[in-house]
$ cat target_21.txt   # compact mmCIF, C-alpha atoms and all ligand atoms
# COMPACT_ATOMS: atom_id res chain seq x y z
CA MET A 79 10.84 17.77 -17.21
CA ALA A 80 8.05 15.88 -15.49
CA MET A 81 8.81 14.63 -11.99
CA GLU A 82 9.33 10.89 -11.81
CA PRO A 83 6.51 9.31 -9.79
CA PHE A 84 7.21 7.11 -6.77
CA GLN A 85 6.03 3.55 -6.39
CA VAL A 86 4.48 2.98 -2.96
CA PHE A 87 4.10 -0.38 -1.25
CA ALA A 88 2.38 -1.49 1.95
CA ILE A 89 3.83 -4.61 3.57
CA ARG A 90 1.47 -6.30 6.01
CA TYR A 91 3.41 -7.90 8.85
CA GLY A 92 0.98 -8.21 11.76
CA HIS A 93 -2.62 -8.60 12.78
CA LEU A 94 -4.82 -8.11 15.82
CA GLY A 95 -8.38 -9.40 16.08
CA ASN A 96 -11.08 -9.83 18.73
CA ARG A 97 -11.10 -6.18 19.64
CA HIS A 98 -13.69 -4.38 21.69
CA PRO A 99 -15.13 -1.36 19.80
CA GLY A 100 -13.90 0.92 22.61
CA GLN A 101 -10.35 -0.02 21.67
CA SER A 102 -10.81 1.68 18.30
CA TYR A 103 -13.17 4.57 19.06
CA ILE A 104 -13.71 6.96 21.93
CA LEU A 105 -17.45 6.88 22.74
CA ALA A 106 -17.98 3.66 20.76
CA ASP A 107 -21.36 2.02 20.81
CA PRO A 108 -20.64 -1.17 22.82
CA HIS A 109 -22.80 -3.13 20.37
CA GLU A 110 -20.97 -2.06 17.23
CA TYR A 111 -18.29 -4.11 15.52
CA GLY A 112 -14.80 -3.92 17.02
CA PRO A 113 -12.62 -3.71 13.92
CA ASP A 114 -9.46 -5.78 13.48
CA LEU A 115 -6.14 -4.03 12.97
CA ASP A 116 -3.44 -4.90 10.46
CA TYR A 117 0.16 -3.76 10.97
CA PHE A 118 2.19 -2.39 8.07
CA ILE A 119 5.46 -0.92 7.05
CA TRP A 120 5.68 1.00 3.77
CA VAL A 121 8.22 1.50 1.00
CA VAL A 122 8.41 4.58 -1.24
CA ARG A 123 10.83 4.26 -4.14
CA ARG A 124 11.81 5.36 -7.63
CA SER A 125 14.98 5.27 -9.72
CA ASP A 126 16.83 7.93 -7.70
CA GLY A 127 16.01 6.83 -4.17
CA MET A 128 14.18 4.60 -1.74
CA PHE A 129 12.64 5.28 1.64
CA VAL A 130 11.48 2.71 4.17
CA VAL A 131 8.60 4.11 6.20
CA ASP A 132 8.49 2.72 9.74
CA THR A 133 10.20 -0.41 10.98
CA GLY A 134 7.47 -2.43 12.68
CA PHE A 135 7.50 -4.14 16.04
CA SER A 136 10.14 -6.58 17.20
CA ALA A 137 9.50 -10.30 17.70
CA GLU A 138 10.03 -9.78 21.43
CA SER A 139 7.47 -7.02 21.65
CA ALA A 140 4.95 -9.08 19.63
CA ILE A 141 5.14 -11.80 22.27
CA ARG A 142 5.00 -9.42 25.22
CA ARG A 143 2.05 -7.52 23.79
CA LYS A 144 0.30 -10.60 22.37
CA ARG A 145 0.30 -9.30 18.79
CA GLU A 146 0.38 -11.72 15.90
CA GLN A 147 3.56 -11.16 13.91
CA LEU A 148 2.78 -12.74 10.52
CA ARG A 149 6.32 -12.15 9.28
CA HIS A 150 9.23 -10.14 10.56
CA PRO A 151 8.83 -6.65 9.06
CA VAL A 152 12.54 -6.23 8.35
CA ASP A 153 12.88 -9.63 6.66
CA ALA A 154 9.74 -8.87 4.67
CA LEU A 155 11.60 -6.05 2.87
CA ARG A 156 13.46 -8.76 0.99
CA LEU A 157 10.17 -9.60 -0.77
CA LEU A 158 10.76 -6.32 -2.62
CA ASP A 159 14.45 -7.12 -3.15
CA ILE A 160 15.45 -4.64 -0.47
CA ASP A 161 18.47 -5.46 1.67
CA PRO A 162 17.82 -3.86 5.09
CA GLU A 163 21.57 -3.48 5.65
CA LYS A 164 21.79 -1.17 2.63
CA VAL A 165 18.75 1.01 3.33
CA SER A 166 19.97 4.60 3.62
CA ASN A 167 16.76 6.42 4.62
CA VAL A 168 14.10 5.38 7.12
CA ILE A 169 11.21 7.71 7.82
CA LEU A 170 9.61 7.17 11.22
CA THR A 171 6.02 8.41 11.32
CA HIS A 172 6.22 8.26 15.12
CA LEU A 173 7.95 6.23 17.82
CA HIS A 174 5.20 3.85 18.98
CA TYR A 175 6.31 0.24 19.46
CA ASP A 176 4.67 -0.94 16.24
CA HIS A 177 6.35 1.73 14.09
CA ALA A 178 9.85 2.17 15.51
CA GLY A 179 11.13 -1.26 16.56
CA ASN A 180 14.08 -3.04 14.98
CA LEU A 181 16.09 0.17 14.39
CA ASP A 182 19.33 -1.74 15.00
CA GLN A 183 18.63 -3.80 11.88
CA PHE A 184 19.26 -0.80 9.59
CA PRO A 185 22.99 -0.22 10.10
CA ALA A 186 23.37 2.16 7.15
CA ALA A 187 20.25 4.24 7.60
CA ARG A 188 19.52 7.76 8.66
CA PHE A 189 16.27 8.07 10.60
CA HIS A 190 13.86 10.91 9.78
CA VAL A 191 11.77 11.97 12.75
CA GLN A 192 9.98 15.05 14.06
CA ASP A 193 11.60 17.15 16.81
CA ARG A 194 8.44 16.95 18.86
CA GLU A 195 8.20 13.16 18.64
CA VAL A 196 11.61 12.62 20.20
CA ALA A 197 10.86 15.25 22.84
CA TYR A 198 7.54 13.52 23.58
CA ALA A 199 8.93 9.98 23.76
CA THR A 200 11.81 10.99 26.03
CA GLY A 201 10.24 13.74 28.12
CA ARG A 202 7.72 14.45 30.82
CA SER A 203 4.74 12.94 28.98
CA MET A 204 6.31 9.53 29.51
CA CYS A 205 5.74 9.92 33.26
CA HIS A 206 2.11 9.04 32.50
CA PRO A 207 1.40 5.32 32.02
CA PHE A 208 -1.51 6.16 29.69
CA LEU A 209 0.74 8.12 27.31
CA ARG A 210 3.72 5.78 27.41
CA GLU A 211 1.74 2.55 27.03
CA ALA A 212 2.28 2.32 23.26
CA PHE A 213 5.99 3.14 23.50
CA ASP A 214 8.72 0.59 24.21
CA LEU A 215 11.63 1.90 26.26
CA ASP A 216 14.11 -0.08 24.15
CA ASN A 217 12.96 1.69 20.99
CA ALA A 218 13.26 5.11 22.60
CA LEU A 219 16.75 4.24 23.84
CA GLU A 220 17.74 2.99 20.39
CA MET A 221 16.47 6.22 18.82
CA VAL A 222 18.62 8.22 21.24
CA ARG A 223 21.57 6.04 20.25
CA LYS A 224 20.93 6.94 16.59
CA ILE A 225 20.92 10.62 17.55
CA TYR A 226 24.25 10.27 19.37
CA ALA A 227 25.63 8.37 16.36
CA GLY A 228 24.75 11.29 14.10
CA ARG A 229 22.16 9.26 12.25
CA ALA A 230 18.98 11.17 13.03
CA VAL A 231 17.47 13.69 10.62
CA PHE A 232 15.16 16.03 12.52
CA HIS A 233 12.16 17.68 10.92
CA ASP A 234 10.02 20.44 12.38
CA GLY A 235 6.56 20.60 10.85
CA ASP A 236 6.53 20.42 7.04
CA SER A 237 9.62 19.46 5.08
CA GLU A 238 10.63 18.08 1.72
CA VAL A 239 12.90 15.04 1.79
CA ALA A 240 12.94 14.66 -2.00
CA PRO A 241 11.09 16.34 -4.86
CA GLY A 242 7.64 14.75 -4.70
CA LEU A 243 7.98 13.51 -1.13
CA THR A 244 7.11 15.73 1.82
CA LEU A 245 6.60 15.17 5.54
CA HIS A 246 3.94 16.96 7.58
CA ARG A 247 3.60 17.00 11.32
CA VAL A 248 0.05 16.19 12.41
CA GLY A 249 0.44 15.44 16.11
CA GLY A 250 -2.84 14.25 17.61
CA HIS A 251 -2.17 10.57 18.12
CA THR A 252 1.32 11.41 19.44
CA ALA A 253 2.89 14.86 19.81
CA GLY A 254 5.12 14.50 16.78
CA LEU A 255 3.29 12.11 14.46
CA GLN A 256 4.09 12.90 10.83
CA ILE A 257 2.42 11.86 7.58
CA LEU A 258 3.83 11.58 4.06
CA ARG A 259 2.61 13.20 0.86
CA VAL A 260 3.91 11.31 -2.16
CA TRP A 261 3.85 12.02 -5.90
CA THR A 262 2.71 8.93 -7.80
CA GLU A 263 1.46 8.05 -11.26
CA ARG A 264 -2.10 8.61 -10.04
CA GLY A 265 -1.31 11.95 -8.43
CA TRP A 266 -0.61 13.07 -4.86
CA MET A 267 -1.33 10.41 -2.29
CA VAL A 268 -1.03 10.55 1.49
CA LEU A 269 0.31 7.85 3.76
CA ALA A 270 -1.62 8.72 6.89
CA ALA A 271 -0.10 6.09 9.20
CA ASP A 272 -1.65 6.59 12.63
CA ALA A 273 -3.11 10.00 11.75
CA SER A 274 -6.03 7.71 10.83
CA HIS A 275 -5.87 4.09 11.92
CA LEU A 276 -8.91 3.07 9.89
CA TYR A 277 -10.93 4.56 7.03
CA SER A 278 -13.74 5.13 9.52
CA HIS A 279 -11.62 7.53 11.57
CA PHE A 280 -11.04 10.18 8.92
CA GLU A 281 -14.24 9.49 6.99
CA GLN A 282 -16.51 9.74 10.04
CA GLY A 283 -14.44 12.05 12.23
CA ARG A 284 -14.10 9.41 14.95
CA VAL A 285 -11.33 9.40 17.54
CA PHE A 286 -8.88 6.58 18.25
CA PRO A 287 -8.45 6.20 22.02
CA VAL A 288 -4.63 6.22 21.96
CA VAL A 289 -4.34 9.97 21.73
CA TYR A 290 -2.23 12.89 22.86
CA ASN A 291 -4.44 15.71 21.58
CA VAL A 292 -7.94 15.13 20.23
CA ALA A 293 -8.22 18.51 18.53
CA GLU A 294 -4.99 17.92 16.59
CA MET A 295 -6.19 14.46 15.61
CA LEU A 296 -9.40 15.90 14.17
CA GLU A 297 -7.56 18.74 12.41
CA GLY A 298 -5.27 16.05 11.00
CA TYR A 299 -8.22 14.53 9.11
CA GLN A 300 -8.73 17.89 7.38
CA LEU A 301 -5.05 17.94 6.49
CA LEU A 302 -5.31 14.48 4.90
CA TYR A 303 -8.07 15.74 2.63
CA ARG A 304 -6.13 18.90 1.77
CA LEU A 305 -2.91 17.10 0.87
CA ALA A 306 -4.41 14.20 -1.11
CA ASP A 307 -5.77 14.52 -4.64
CA SER A 308 -8.98 12.75 -3.56
CA PRO A 309 -10.25 10.70 -0.59
CA ASP A 310 -9.14 7.62 -2.55
CA HIS A 311 -5.59 8.92 -2.29
CA ILE A 312 -5.57 8.65 1.53
CA VAL A 313 -4.18 5.42 2.99
CA PRO A 314 -4.95 4.74 6.67
CA GLY A 315 -2.31 3.14 8.88
CA HIS A 316 -3.94 -0.02 10.26
CA ASP A 317 -7.02 -0.82 8.17
CA PRO A 318 -7.30 -4.43 6.89
CA LEU A 319 -9.37 -3.00 3.99
CA VAL A 320 -6.13 -1.66 2.48
CA MET A 321 -5.22 -5.23 1.52
CA LYS A 322 -8.62 -5.64 -0.14
CA TYR A 323 -8.69 -2.36 -2.04
CA TYR A 324 -5.19 -2.33 -3.51
CA PRO A 325 -3.63 -4.81 -5.95
CA ALA A 326 -0.90 -7.23 -4.91
CA ALA A 327 2.59 -6.13 -5.95
CA ARG A 328 3.02 -9.55 -7.56
CA PRO A 329 0.52 -12.43 -7.68
CA GLU A 330 2.46 -14.47 -5.12
CA LEU A 331 2.41 -11.51 -2.70
CA GLU A 332 -1.39 -11.49 -2.39
CA GLY A 333 -2.30 -10.60 1.20
CA ILE A 334 1.28 -9.57 1.96
CA VAL A 335 2.37 -6.65 -0.25
CA VAL A 336 0.11 -4.24 -2.16
CA ARG A 337 0.83 -1.35 -4.54
CA LEU A 338 -0.61 1.87 -3.15
CA ASP A 339 0.34 3.93 -6.21
CA ALA A 340 -2.21 1.90 -8.19
CA PRO A 341 -5.84 2.99 -7.96
CA PRO A 342 -7.87 1.26 -5.23
CA SER A 343 -11.02 -0.66 -6.09
CA ARG A 344 -13.53 0.49 -3.51
ZN ZN A 401 0.73 4.79 16.98
ZN ZN A 402 0.29 2.10 14.90

$ encode --input "target_21.txt" --output "structure tokens"
Amino acid sequence: MAMEPFQVFAIRYGHLGNRHPGQSYILADPHEYGPDLDYFIWVVRRSDGMFVVDTGFSAESAIRRKREQLRHPVDALRLLDIDPEKVSNVILTHLHYDHAGNLDQFPAARFHVQDREVAYATGRSMCHPFLREAFDLDNALEMVRKIYAGRAVFHDGDSEVAPGLTLHRVGGHTAGLQILRVWTERGWMVLAADASHLYSHFEQGRVFPVVYNVAEMLEGYQLLYRLADSPDHIVPGHDPLVMKYYPAARPELEGIVVRLDAPPSR
């Protein structure tokens, strides 16, 4: 029997503009455009299961870090008729503040995370201000609470969480960053999250300056190409172009929720 494809949604919840090019690229030309960033969480679902991918930043951290929170990422799940209190599986691509906030708002969930990400976010690397800058202590503490509550699911490298949905450790941006490979009606697509912030990163081999290991980041671009059916099946983690290329999930959700399992118009 054919495997049922997943529907995949990106929910845009935040935005950051007025960026210097050096904030997006190592060795940027100071005269080039400094691209804006969008902030997303993602939903992967079909008849037998649903996965929320990342949990966004908290309202408090948006204020402290001067990020524009367009809507609360957890509340925004209700736009897809998802009750956060009933979500049973959350996949965390990594533990940066904009991906792993609000964990306390998923009281029924198990949290899928890489071994190396938890080790990274709670270990010696966090002695370095440069490496810990994009982490919030409260999120790391909350993740440890989930572990002690028996609600963490650890992954080490590649693993299958459901037929047609696999996780793959990339590292690079953080030590334990993972990406998702998802079976959809248009074939195998890859949710890259911060393995590639923008299209320009994986397409041009450029390096985002928030980085743990540059070589792993660059190898990660190769992995995106290997796992996806085509370059059009790779979805970067922060690119505002995603909202332009993919169709709205419903007409009234234009600019808020797009369907990533539909073909992009590039
Ligand atoms: Zn990140
Ligand atoms: Zn991010």

$ atom_distance --input "target_21.txt" --atom1 "atom CA of Phe232 of chain A" --atom2 "atom CA of Met81 of chain A"
25.4 Å

$ residues_near_ligand --input "target_21.txt" --ligand "ligand ZN 401 (chain A)" --cutoff "9 Å" --atoms "all atoms listed in the file" --output "VMD selection string"
chain A and resid 171 to 177 212 to 213 251 to 252 255 271 to 273 275 288 to 289 315

$ closest_residue --input "target_21.txt" --among "A:Gly265, A:Gly127, A:Pro325, A:Pro207" --to "Arg337 of chain A" --atoms "only C-alpha atoms"
A:Pro325

$ atom_distance --input "target_21.txt" --atom1 "atom CA of Pro314 of chain A" --atom2 "atom CA of Glu220 of chain A"
26.6 Å

$ residues_around --input "target_21.txt" --residues "Asp193 of chain A" --least-positions-apart "2" --cutoff "6 Å" --atoms "only C-alpha atoms" --output "MDAnalysis selection string"
chainID A and resid 195:196 232:234

$ residues_around --input "target_21.txt" --residues "segment 239-245 of chain A" --least-positions-apart "6" --cutoff "8 Å" --atoms "all atoms listed in the file" --output "list in words"
Met81, Pro83, Phe84, Gln256, Ile257, Leu258, Arg259, Val260 and Trp261 of chain A

$ atom_distance --input "target_21.txt" --atom1 "atom CA of Ala218 of chain A" --atom2 "atom CA of Leu296 of chain A"
26.5 Å

$ residues_near_point --input "target_21.txt" --point "(8.7, 4.1, -3.8)" --cutoff "12 Å" --atoms "only C-alpha atoms" --output "ChimeraX atom specification"
/A:82-88,120-131,158,160,167,240,242-243,258-263,267,269,337-340

$ residues_around --input "target_21.txt" --residues "Ile89 of chain A" --least-positions-apart "3" --cutoff "6 Å" --atoms "only C-alpha atoms" --output "PyMOL selection string"
chain A and resi 118-120+334-335

$ closest_residue --input "target_21.txt" --among "A:Leu148, A:Leu115, A:Val191, A:Leu209" --to "Pro99 of chain A" --atoms "all atoms listed in the file"
A:Leu115

$ closest_residue --input "target_21.txt" --among "A:Ala270, A:Ala227, A:Met79, A:Leu301" --to "ligand ZN 402 (chain A)" --atoms "all atoms listed in the file"
A:Ala270

$ closest_residue --input "target_21.txt" --among "A:Ala199, A:Gly235, A:Ser102, A:Phe208" --to "Ser274 of chain A" --atoms "all atoms listed in the file"
A:Ser102

$ closest_residue --input "target_21.txt" --among "A:Gly228, A:Pro287, A:Pro108, A:Gly298" --to "ligand ZN 402 (chain A)" --atoms "only C-alpha atoms and all ligand atoms"
A:Pro287

$ residues_around --input "target_21.txt" --residues "Ala187 of chain A" --least-positions-apart "6" --cutoff "9 Å" --atoms "all atoms listed in the file" --output "list in words"
Pro162, Glu163, Lys164, Val165, Ser166, Asn167, Val168, Leu181, Arg229 and Ala230 of chain A

$ closest_residue --input "target_21.txt" --among "A:Gly134, A:Gly249, A:Pro318, A:Gly254" --to "ligand ZN 402 (chain A)" --atoms "all atoms listed in the file"
A:Gly134

$ residues_around --input "target_21.txt" --residues "Asp114 of chain A" --least-positions-apart "4" --cutoff "10 Å" --atoms "only C-alpha atoms" --output "VMD selection string"
chain A and resid 93 to 99 102 276 316 to 319
